[in-house]
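Here is data.pdb, consisting of PDB, C-alpha atoms:
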```pdb
ATOM      1  CA  GLN G   1      94.828 129.884  76.774
ATOM      2  CA  SER G   2      94.378 131.619  80.123
ATOM      3  CA  ALA G   3      94.534 135.038  78.458
ATOM      4  CA  THR G   4      91.858 133.974  75.984
ATOM      5  CA  VAL G   5      89.532 132.810  78.752
ATOM      6  CA  ALA G   6      90.229 135.939  80.834
ATOM      7  CA  GLY G   7      89.470 138.124  77.809
ATOM      8  CA  MET G   8      86.240 136.252  77.094
ATOM      9  CA  LEU G   9      85.118 136.578  80.705
ATOM     10  CA  SER G  10      85.923 140.311  80.745
ATOM     11  CA  VAL G  11      84.004 140.984  77.525
ATOM     12  CA  HIS G  12      80.944 139.094  78.753
ATOM     13  CA  LYS G  13      81.082 140.833  82.118
ATOM     14  CA  LEU G  14      81.139 144.232  80.374
ATOM     15  CA  LEU G  15      78.257 143.204  78.091
ATOM     16  CA  GLY G  16      76.238 141.926  81.059
ATOM     17  CA  THR G  17      75.865 138.490  79.479
ATOM     18  CA  TRP G  18      75.850 136.660  82.815
ATOM     19  CA  ARG G  19      73.072 138.911  84.195
ATOM     20  CA  THR G  20      70.862 139.364  81.132
ATOM     21  CA  LYS G  21      71.393 136.502  78.661
ATOM     22  CA  VAL G  22      71.349 133.511  81.015
ATOM     23  CA  ASP G  23      67.926 132.433  82.275
ATOM     24  CA  ALA G  24      69.039 130.231  85.168
ATOM     25  CA  TYR G  25      72.045 128.984  87.079
ATOM     26  CA  ILE G  26      71.901 125.685  88.965
ATOM     27  CA  VAL G  27      74.042 125.122  92.055
ATOM     28  CA  SER G  28      74.302 122.092  94.337
ATOM     29  CA  THR G  29      74.511 123.843  97.737
ATOM     30  CA  LYS G  30      73.394 127.026  99.492
ATOM     31  CA  PHE G  31      77.091 127.752 100.070
ATOM     32  CA  PHE G  32      77.741 128.049  96.340
ATOM     33  CA  ARG G  33      74.505 129.956  95.768
ATOM     34  CA  THR G  34      75.873 132.560  98.187
ATOM     35  CA  LYS G  35      79.207 132.607  96.333
ATOM     36  CA  PHE G  36      77.461 133.213  92.986
ATOM     37  CA  VAL G  37      75.410 136.080  94.477
ATOM     38  CA  GLU G  38      78.591 137.575  95.958
ATOM     39  CA  ALA G  39      80.129 137.371  92.462
ATOM     40  CA  GLY G  40      77.318 139.544  91.128
ATOM     41  CA  LEU G  41      74.850 137.095  89.630
ATOM     42  CA  PRO G  42      71.136 137.852  90.160
ATOM     43  CA  PRO G  43      69.779 135.832  93.131
ATOM     44  CA  ASN G  44      66.444 135.235  91.396
ATOM     45  CA  LYS G  45      68.226 133.292  88.627
ATOM     46  CA  ILE G  46      70.158 130.924  90.915
ATOM     47  CA  PHE G  47      68.430 127.658  91.782
ATOM     48  CA  LEU G  48      69.435 124.942  94.218
ATOM     49  CA  LYS G  49      69.433 121.330  93.033
ATOM     50  CA  PRO G  50      71.347 119.072  95.438
ATOM     51  CA  HIS G  51      73.397 116.161  94.139
ATOM     52  CA  PHE G  52      72.174 112.615  94.611
ATOM     53  CA  VAL G  53      73.530 109.095  94.430
ATOM     54  CA  HIS G  54      72.584 107.615  91.066
ATOM     55  CA  THR G  55      72.569 103.965  92.154
ATOM     56  CA  ASP G  56      71.514 103.245  95.725
ATOM     57  CA  PRO G  57      74.438 101.294  97.191
ATOM     58  CA  GLY G  58      72.308  99.943 100.031
ATOM     59  CA  VAL G  59      73.074 100.175 103.710
ATOM     60  CA  LYS G  60      76.186  98.428 104.908
ATOM     61  CA  HIS G  61      75.833  95.105 106.670
ATOM     62  CA  GLU G  62      79.450  94.296 107.452
ATOM     63  CA  ARG G  63      81.350  96.048 110.200
ATOM     64  CA  SER G  64      85.020  96.808 109.843
ATOM     65  CA  GLY G  65      87.464  98.770 111.882
ATOM     66  CA  TYR G  66      89.077 100.866 109.174
ATOM     67  CA  ALA G  67      88.654 104.475 108.117
ATOM     68  CA  LEU G  68      88.496 105.348 104.425
ATOM     69  CA  PHE G  69      89.651 108.296 102.350
ATOM     70  CA  ALA G  70      88.455 108.246  98.743
ATOM     71  CA  GLY G  71      89.625 110.842  96.268
ATOM     72  CA  ARG G  72      92.363 112.378  94.204
ATOM     73  CA  LEU G  73      95.764 112.299  95.879
ATOM     74  CA  VAL G  74      96.725 115.984  95.826
ATOM     75  CA  HIS G  75      97.686 118.448  98.547
ATOM     76  CA  GLU G  76      94.356 120.350  98.434
ATOM     77  CA  LYS G  77      92.432 117.238  99.497
ATOM     78  CA  GLY G  78      94.103 117.415 102.935
ATOM     79  CA  ILE G  79      95.920 114.102 102.862
ATOM     80  CA  GLY G  80      98.959 115.622 104.594
ATOM     81  CA  THR G  81      96.699 116.754 107.443
ATOM     82  CA  LEU G  82      95.126 113.301 107.513
ATOM     83  CA  LEU G  83      98.504 111.550 107.757
ATOM     84  CA  ASP G  84      99.610 113.922 110.547
ATOM     85  CA  ALA G  85      96.430 113.104 112.470
ATOM     86  CA  TRP G  86      96.954 109.385 111.926
ATOM     87  CA  LYS G  87     100.397 109.605 113.526
ATOM     88  CA  LEU G  88      98.673 110.748 116.712
ATOM     89  CA  LEU G  89      96.404 107.688 116.700
ATOM     90  CA  GLY G  90      99.288 105.270 116.516
ATOM     91  CA  THR G  91      98.061 101.867 115.384
ATOM     92  CA  ARG G  92      94.538 102.070 116.837
ATOM     93  CA  ILE G  93      92.611 102.462 113.580
ATOM     94  CA  PRO G  94      93.708 101.297 110.129
ATOM     95  CA  LEU G  95      93.355 103.861 107.334
ATOM     96  CA  ARG G  96      92.730 102.917 103.721
ATOM     97  CA  ILE G  97      93.439 105.576 101.101
ATOM     98  CA  ALA G  98      91.654 104.864  97.826
ATOM     99  CA  GLY G  99      92.621 106.955  94.832
ATOM    100  CA  ASP G 100      95.507 108.120  92.761
ATOM    101  CA  GLY G 101      97.071 111.397  91.772
ATOM    102  CA  PRO G 102     100.278 113.316  91.200
ATOM    103  CA  ASP G 103     101.180 113.472  94.912
ATOM    104  CA  ARG G 104     100.652 109.779  95.693
ATOM    105  CA  LYS G 105     104.342 108.837  95.908
ATOM    106  CA  ALA G 106     105.071 111.797  98.212
ATOM    107  CA  PHE G 107     102.188 110.832 100.522
ATOM    108  CA  GLU G 108     103.288 107.199 100.579
ATOM    109  CA  ALA G 109     106.832 108.271 101.483
ATOM    110  CA  ALA G 110     105.551 110.625 104.199
ATOM    111  CA  SER G 111     103.425 107.837 105.612
ATOM    112  CA  LYS G 112     106.363 105.406 105.793
ATOM    113  CA  GLN G 113     108.692 108.060 107.187
ATOM    114  CA  GLY G 114     106.142 109.200 109.760
ATOM    115  CA  GLY G 115     105.625 105.752 111.209
ATOM    116  CA  THR G 116     101.995 105.388 110.184
ATOM    117  CA  SER G 117     102.085 101.618 109.733
ATOM    118  CA  GLU G 118      98.310 101.259 109.733
ATOM    119  CA  VAL G 119      97.944 103.249 106.485
ATOM    120  CA  SER G 120      97.484 101.505 103.146
ATOM    121  CA  PHE G 121      97.386 103.120  99.727
ATOM    122  CA  ASP G 122      94.966 101.100  97.614
ATOM    123  CA  GLY G 123      95.299 103.087  94.389
ATOM    124  CA  TRP G 124      92.535 103.762  91.912
ATOM    125  CA  GLN G 125      89.361 101.790  92.585
ATOM    126  CA  SER G 126      86.489 100.972  90.250
ATOM    127  CA  PRO G 127      83.089 102.322  91.351
ATOM    128  CA  GLU G 128      82.113  98.813  92.504
ATOM    129  CA  GLN G 129      85.321  98.366  94.517
ATOM    130  CA  LEU G 130      84.883 101.793  96.079
ATOM    131  CA  ARG G 131      81.250 101.105  97.053
ATOM    132  CA  SER G 132      82.327  97.814  98.623
ATOM    133  CA  ALA G 133      85.170  99.457 100.576
ATOM    134  CA  LEU G 134      82.883 102.279 101.689
ATOM    135  CA  LYS G 135      80.161  99.921 102.915
ATOM    136  CA  LYS G 136      82.733  98.089 105.071
ATOM    137  CA  ALA G 137      84.365 101.264 106.468
ATOM    138  CA  ALA G 138      83.771 102.403 110.029
ATOM    139  CA  PHE G 139      83.754 105.982 108.707
ATOM    140  CA  LEU G 140      84.797 108.134 105.759
ATOM    141  CA  ILE G 141      87.315 110.940 106.143
ATOM    142  CA  PHE G 142      87.010 114.091 104.007
ATOM    143  CA  PRO G 143      89.888 116.369 105.152
ATOM    144  CA  SER G 144      89.834 118.911 102.314
ATOM    145  CA  LEU G 145      91.875 122.103 102.746
ATOM    146  CA  SER G 146      89.656 124.157 100.438
ATOM    147  CA  SER G 147      85.954 124.594  99.799
ATOM    148  CA  GLU G 148      84.919 121.661  97.654
ATOM    149  CA  THR G 149      82.130 122.146  95.154
ATOM    150  CA  PHE G 150      80.127 119.410  96.842
ATOM    151  CA  GLY G 151      81.913 116.313  98.098
ATOM    152  CA  LEU G 152      80.196 113.405  96.374
ATOM    153  CA  PRO G 153      81.941 110.801  98.603
ATOM    154  CA  ILE G 154      80.018 112.306 101.542
ATOM    155  CA  ILE G 155      76.567 111.547 100.147
ATOM    156  CA  GLU G 156      77.783 108.162  98.918
ATOM    157  CA  ALA G 157      78.821 107.420 102.508
ATOM    158  CA  PHE G 158      75.463 108.632 103.826
ATOM    159  CA  ALA G 159      73.642 106.411 101.304
ATOM    160  CA  SER G 160      75.547 103.448 102.774
ATOM    161  CA  GLY G 161      74.915 104.436 106.392
ATOM    162  CA  VAL G 162      78.569 105.383 106.950
ATOM    163  CA  PRO G 163      79.354 108.450 109.084
ATOM    164  CA  VAL G 164      81.747 111.129 107.823
ATOM    165  CA  ILE G 165      84.504 113.109 109.505
ATOM    166  CA  ALA G 166      85.212 116.241 107.453
ATOM    167  CA  SER G 167      86.929 119.595 107.581
ATOM    168  CA  ARG G 168      84.644 122.499 108.484
ATOM    169  CA  LEU G 169      84.796 124.292 105.126
ATOM    170  CA  GLY G 170      82.277 125.456 102.566
ATOM    171  CA  ALA G 171      79.623 122.978 101.519
ATOM    172  CA  THR G 172      80.617 120.317 104.070
ATOM    173  CA  MET G 173      79.153 122.511 106.827
ATOM    174  CA  GLU G 174      75.842 122.361 104.987
ATOM    175  CA  ILE G 175      75.905 118.663 104.148
ATOM    176  CA  ILE G 176      77.090 117.253 107.489
ATOM    177  CA  GLU G 177      75.166 117.790 110.684
ATOM    178  CA  SER G 178      78.003 117.540 113.201
ATOM    179  CA  GLY G 179      77.238 115.036 115.937
ATOM    180  CA  LYS G 180      74.398 113.409 113.949
ATOM    181  CA  THR G 181      75.550 112.442 110.448
ATOM    182  CA  GLY G 182      79.240 112.839 111.147
ATOM    183  CA  LEU G 183      81.766 115.178 112.704
ATOM    184  CA  LEU G 184      83.326 118.418 111.485
ATOM    185  CA  PHE G 185      86.811 119.561 112.471
ATOM    186  CA  ASN G 186      88.707 122.838 112.056
TER     187      ASN G 186
END
```
Here is a file; write its structure as structure tokens.
Amino acid sequence: QSATVAGMLSVHKLLGTWRTKVDAYIVSTKFFRTKFVEAGLPPNKIFLKPHFVHTDPGVKHERSGYALFAGRLVHEKGIGTLLDAWKLLGTRIPLRIAGDGPDRKAFEAASKQGGTSEVSFDGWQSPEQLRSALKKAAFLIFPSLSSETFGLPIIEAFASGVPVIASRLGATMEIIESGKTGLLFN
């Protein structure tokens, strides 16, 4: 399957399909517009259309003392980094991890072994449950280890009036204004 896709991409690159047969490309951030231009696509055919929150969740009214991670439980999302950071905090701030994925059991074991007693793994959440948890969170954590295509949980947090702490990578540097709408870390 990979060979088939690689062959298809090579043929279309040689034929110039991506430059001459496509009228427009739509990207969600300036970061990815730059990446497409670097890949050889014509800048005049790449248009920016930022993501949005489909249903306005409303601004949070309840205050809570927990931090929230929402996403797929895989290494690339930075959960190992997050758990290491939480060890340094001790028991000062509870952390709720909402989501599921192939690395969940390993992260749960690492959390128990590392003495991070204030960490709970809530599993998969329905959109309604996630909105409710987000609106009650003190802040959202987005510790990705790679450049995410956008980071929808970030704008969902913003729509609820919840600040975001995120890794300084790719599109997050464009979405978050460090010190105003959240904080960025290296």
Determine the residue membership of the PyMOL selection byres ((chain G and resi 86) around 10) for the file above and supply it as a tab-separated table (two decimals) with C-alpha atoms, in the coordinates of the input.
```
chain	number	residue	atom	x	y	z
G	80	GLY	CA	98.96	115.62	104.59
G	81	THR	CA	96.70	116.75	107.44
G	82	LEU	CA	95.13	113.30	107.51
G	83	LEU	CA	98.50	111.55	107.76
G	84	ASP	CA	99.61	113.92	110.55
G	85	ALA	CA	96.43	113.10	112.47
G	87	LYS	CA	100.40	109.60	113.53
G	88	LEU	CA	98.67	110.75	116.71
G	89	LEU	CA	96.40	107.69	116.70
G	90	GLY	CA	99.29	105.27	116.52
G	91	THR	CA	98.06	101.87	115.38
G	92	ARG	CA	94.54	102.07	116.84
G	93	ILE	CA	92.61	102.46	113.58
G	94	PRO	CA	93.71	101.30	110.13
G	95	LEU	CA	93.36	103.86	107.33
G	111	SER	CA	103.42	107.84	105.61
G	114	GLY	CA	106.14	109.20	109.76
G	115	GLY	CA	105.62	105.75	111.21
G	116	THR	CA	102.00	105.39	110.18
G	117	SER	CA	102.08	101.62	109.73
G	118	GLU	CA	98.31	101.26	109.73
G	119	VAL	CA	97.94	103.25	106.48
```
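With atom CA of Gly182 of chain G on one side and atom CA of Phe107 of chain G on the other, the separation reads 25.4 Å.
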Determine the axis-aligned bounding box of all atoms of segment 61-80 of chain G present in the file, pad each side by 6 Å, and express its centre and edge lengths in Å to one decimal place as AutoDock Vina command-line options.
```
--center_x 87.4 --center_y 107.3 --center_z 103.0 --size_x 35.1 --size_y 38.1 --size_z 29.7
```
Could you give me, as a list in words, the residues within 9 Å of Glu174 of chain G, counting only C-alpha atoms and dropping anything in the same chain fewer than 6 positions from it? Thr29, Lys30 and Phe31 of chain G
Name the residues that the PyMOL selection byres ((chain G and resi 41) around 12) pulls out of this structure, and write them as JSON, numbers by chain. {"G": [13, 16, 17, 18, 19, 20, 21, 22, 23, 24, 25, 26, 32, 33, 34, 35, 36, 37, 38, 39, 40, 42, 43, 44, 45, 46, 47]}
Taken to one decimal, the atom CA of Asp100 of chain G-atom CA of Arg72 of chain G distance is 5.5 Å
So which one's closest to Ile79 of chain G, G:Leu169, G:Ala67, G:Leu145, G:Leu183? Using all atoms listed in the file, please.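 When distances to Ile79 of chain G are compared using all atoms listed in the file, the smallest one comes from G:Leu145.
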So which one's closest to Ala137 of chain G, G:Arg168, G:Lys49, G:His12, G:Arg63? Using only C-alpha atoms, please. G:Arg63
Kindly resolve the PyMOL selection byres ((chain G and resi 99) around 12) on the present coordinates and return the residues as a PyMOL selection string. chain G and resi 68-74+77+79+96-98+100-105+107+120-127+129-130+153
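A straight line drawn from atom CA of Glu76 of chain G to atom CA of Asp56 of chain G is 28.7 Å long.
With all atoms listed in the file as the basis for measurement, G:Val59 is the residue among G:Val59, G:Ala166, G:Leu184, G:Ile175 that approaches Lys136 of chain G most closely.
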One residue among G:Ser147, G:Ile141, G:Asn186, G:Ala157 is nearest to Thr172 of chain G when using all atoms listed in the file, and that residue is G:Ser147
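For the choices G:Val162, G:Met8, G:Ala171, G:Val27, the atom-to-atom distance to Ala133 of chain G is smallest for G:Val162 when using all atoms listed in the file.
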Return the single residue from G:Ser2, G:Thr55, G:Thr181, G:Ser132 that is closest to Ile154 of chain G, with distances computed using all atoms listed in the file.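 Under the stated criterion, the closest residue is G:Thr181.
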